[in-house]
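As structure tokens, the structure follows; a few thoughts come after it.
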Amino acid sequence: AVLVMLDLVTAVCIHDKIKHEKPVRAVQQYASPYRRASSANVTASIRIQFDTTTVEQDIGNQVLYQYVKGLLDAAASMLSSAIRVIPIQGNLYVSRDCNYHWVSGQHVNECSSIVVDQTCGPWARVSNSQKDQATVWQFSSGQWKEVTYEQGTGVKDADLLVYVSAHAGDPTCTTSDTALAYSGVCQRDQLDRPVVGYINFCTSTLQNRHSSSPSQSDIMTTVHELTHILGFSRSSFAFFRDENGNPRTPRCPDAASCGPSDTPGYPPFSVDQNNYIVSDSTVQQRQERGLLVSRLVTPTVRYVSQKHYNCNSLVGAELENGGGSGTRLSHWEKRVFMNEYMTGNTYPGSVDIFSSFSLALLQDSGWYEINFDAAKHLKWGYMLGCAFALEKCIQDGKSQTPWCKNSQNDGLVCTYQRDALGYCGLDEYSQDLGASYQYFADPKKGGDDPLPDYCPF
């Protein structure tokens, strides 16, 4: 038997601690009318290209730079083996960002000035050679003047362009001692597919890497961040499309929740949530276990969930409700997904699983066709039934596999995979846990990681 002791100095994801700006439209050229592809004959493996100009300057150290390039290449290879997309014809172009739009007059809503020093994300600069043509209208001496910015050469062989940086002292990175990177979307095409994004590596974490060969854990973290760009993000859910290419969430000005400040063609925006309002055909919320639970309820995700947990009453897959602003709703719920690669943290020594759940989410975005043969089997929760998926981990003092309720003082127990011995991860907190997380007579007692709802394992 193998003895396993988990040191919960976990690596965390801080995806939603960054401010996700309203995505710019970057119209691309496609060979056929761009709707969801229903046949592999019109799709091809996604081509992910990286602009590493900024990260090479940021790092300076060639050994670390090659380490980052190794991470990017390995992550792109894994994703391209699983994801097919209608390919961009010719080169990919980055839309020029507009500084100001005219609010009245002959050219209302048209651009009056272009951002000269354009960035994607907080640090990476966009080269003029990558930018598309743009027109602005200037007004001077009582006359309108049309100014045209010429099209650059674009980016060859790309369906997604990702700018890479590793800025020292990045304020988002300083919120976590263990985060390796964070990412976001800058531009979407005419059917909302992300085509331009960024990933920033945290130098404080990166500098601890001394091997020339990228670790599997860091590769999976990079895949995780790229998956956020591809669509696994609460900032993307409102842009999902159905199997016919129609928006799952109604767009303004016709959607019921639209206000005068909402942009035509976009979903309604909630100032309170600081995000787009998602239709309940994509994400549903309901009370479960004394908590407000959010589930992704799109067709493929629902099917995969029911089969995996052996629970036909499941309406979808549960999204994370904890972890604060950096984690909530942009990851799978840790309690029922544990080491799936799109949960909000990962434990030392844990193997992150590239599972069919996250691939199903990407397929249901309407932008991709998925090769599910590339998915790995997730053991956590497999065939454990509706009680595991829907109910509390410990009820009436009784726990079921994979949960436990005995402290380290009670000795070794089998791990959930039945391949090693370990201790039950329990802790005593300084304050009472929330009522929905109290599983023991002592209200301060719970699992040593809050993210899986304080469930001990």
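Naming scheme: A, B, ... for chains in displayed order of the structure tokens; residues 1 onward per chain; ligands 1 onward as shown.
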Closest-contact table, range 175-230 of chain A side, partner range 238-246 of chain A, 9 Å, counting only C-alpha atoms, as a Markdown table:
```
| residue | atom | partner | partner_atom | distance |
| --- | --- | --- | --- | --- |
| A:Leu191 | CA | A:Gly245 | CA | 7.8 |
| A:Asp192 | CA | A:Phe239 | CA | 6.2 |
| A:Arg193 | CA | A:Phe239 | CA | 8.2 |
```
(request) With a distance cut-off of 7 Å and only C-alpha atoms, select the neighbouring residues of Glu369 in chain A, excluding the residue or stretch itself and same-chain residues fewer than 3 positions from it, and output the selection as a count of residues only. (result) 4
(request) Tell me, as a PyMOL selection string, which residues lie within 10 Å of Ala255 in chain A, counting only C-alpha atoms; anything in the same chain fewer than 3 positions away does not count. (result) chain A and resi 249-252+258-259+264-268+279
(request) For each of A:Pro171, A:Arg188, A:Gly60, A:Gly142, take the minimum atom-to-atom distance to Arg25 in chain A, counting only C-alpha atoms, then give the residue where this is smallest. (result)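 For Arg25 in chain A, the nearest of the candidates is A:Arg188.
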(message) Give me the residues near Ser211 in chain A as a ChimeraX atom specification, where near means some atom within 9 Å (using only C-alpha atoms) and where sequence neighbours in that chain fewer than 2 positions away do not count.
(response) /A:63-64,67,209,213-215
(message) Under the rule that only C-alpha atoms are counted, which of A:Phe201, A:Trp123, A:Tyr309, A:Trp367 is the nearest residue to Ser236 in chain A?
(response)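 The shortest atom-to-atom distance to Ser236 in chain A comes from A:Trp367.
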(request) Using CA of Ala75 in chain A and CA of Phe232 in chain A as the two end points, give the distance in Å to one decimal. (result)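 CA of Phe232 in chain A lies at a distance of 15.6 Å from CA of Ala75 in chain A.
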(message) I want to know what sits within 8 Å of Gln29 in chain A, based on only C-alpha atoms, with residues of the same chain fewer than 4 positions away left out; could you give that as a VMD selection string?
(response) chain A and resid 88 to 90
Output for the residues just chosen: N, CA and C atoms as a short mmCIF file (atom, residue, chain, number, x, y, z; two decimals), in the first residue's frame:
```
data_model
loop_
_atom_site.label_atom_id
_atom_site.label_comp_id
_atom_site.auth_asym_id
_atom_site.auth_seq_id
_atom_site.Cartn_x
_atom_site.Cartn_y
_atom_site.Cartn_z
N ILE A 88 -10.39 29.46 -40.27
CA ILE A 88 -10.30 30.77 -40.90
C ILE A 88 -9.60 30.63 -42.24
N GLN A 89 -10.18 31.26 -43.26
CA GLN A 89 -9.56 31.26 -44.58
C GLN A 89 -8.58 32.43 -44.68
N GLY A 90 -7.38 32.15 -45.16
CA GLY A 90 -6.38 33.20 -45.21
C GLY A 90 -5.84 33.46 -43.81
#
```
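Neighbours of Pro23 in chain A closer than or equal to 8 Å, with only C-alpha atoms counted and sequence neighbours fewer than 6 positions away skipped, come out as Val185, Cys186, Gln187 and Arg188 of chain A.
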(request) Any chance you could list, as a ChimeraX atom specification, the residues in range 30-262 of chain A that come up helix (DSSP H, G or I) when DSSP is run on the backbone? (result) /A:40-42,53-59,62-82,128-130,173-175,203-206,216-230,237-239
(message) At a cut-off of 10 Å, using only C-alpha atoms, what residues contact Ser113 in chain A? Leave out same-chain residues fewer than 4 positions from it and give the result as a PyMOL selection string.
(response) chain A and resi 97-102+135-138+147
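Interatomic distance, CA of Val12 in chain A to CA of Thr346 in chain A: 6.6 Å.
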Could the residues of range 152-236 of chain A that have an atom at most 9 Å from range 91-96 of chain A be listed as JSON lines, each with its closest atom pair and the distance in Å to one decimal, counting only C-alpha atoms and ordered by chain and ascending residue number?
```
{"residue": "A:Gly152", "atom": "CA", "partner": "A:Tyr93", "partner_atom": "CA", "distance": 7.9}
{"residue": "A:Thr153", "atom": "CA", "partner": "A:Asn91", "partner_atom": "CA", "distance": 7.6}
{"residue": "A:Gly154", "atom": "CA", "partner": "A:Tyr93", "partner_atom": "CA", "distance": 4.9}
{"residue": "A:Val155", "atom": "CA", "partner": "A:Leu92", "partner_atom": "CA", "distance": 5.0}
{"residue": "A:Lys156", "atom": "CA", "partner": "A:Asn91", "partner_atom": "CA", "distance": 4.8}
{"residue": "A:Asp157", "atom": "CA", "partner": "A:Asn91", "partner_atom": "CA", "distance": 6.6}
{"residue": "A:Ala158", "atom": "CA", "partner": "A:Leu92", "partner_atom": "CA", "distance": 6.1}
{"residue": "A:Asp159", "atom": "CA", "partner": "A:Leu92", "partner_atom": "CA", "distance": 6.9}
{"residue": "A:Leu160", "atom": "CA", "partner": "A:Leu92", "partner_atom": "CA", "distance": 8.0}
{"residue": "A:Leu161", "atom": "CA", "partner": "A:Leu92", "partner_atom": "CA", "distance": 7.9}
{"residue": "A:Gln187", "atom": "CA", "partner": "A:Ser95", "partner_atom": "CA", "distance": 7.6}
{"residue": "A:Val195", "atom": "CA", "partner": "A:Leu92", "partner_atom": "CA", "distance": 8.2}
{"residue": "A:Val196", "atom": "CA", "partner": "A:Val94", "partner_atom": "CA", "distance": 7.2}
```
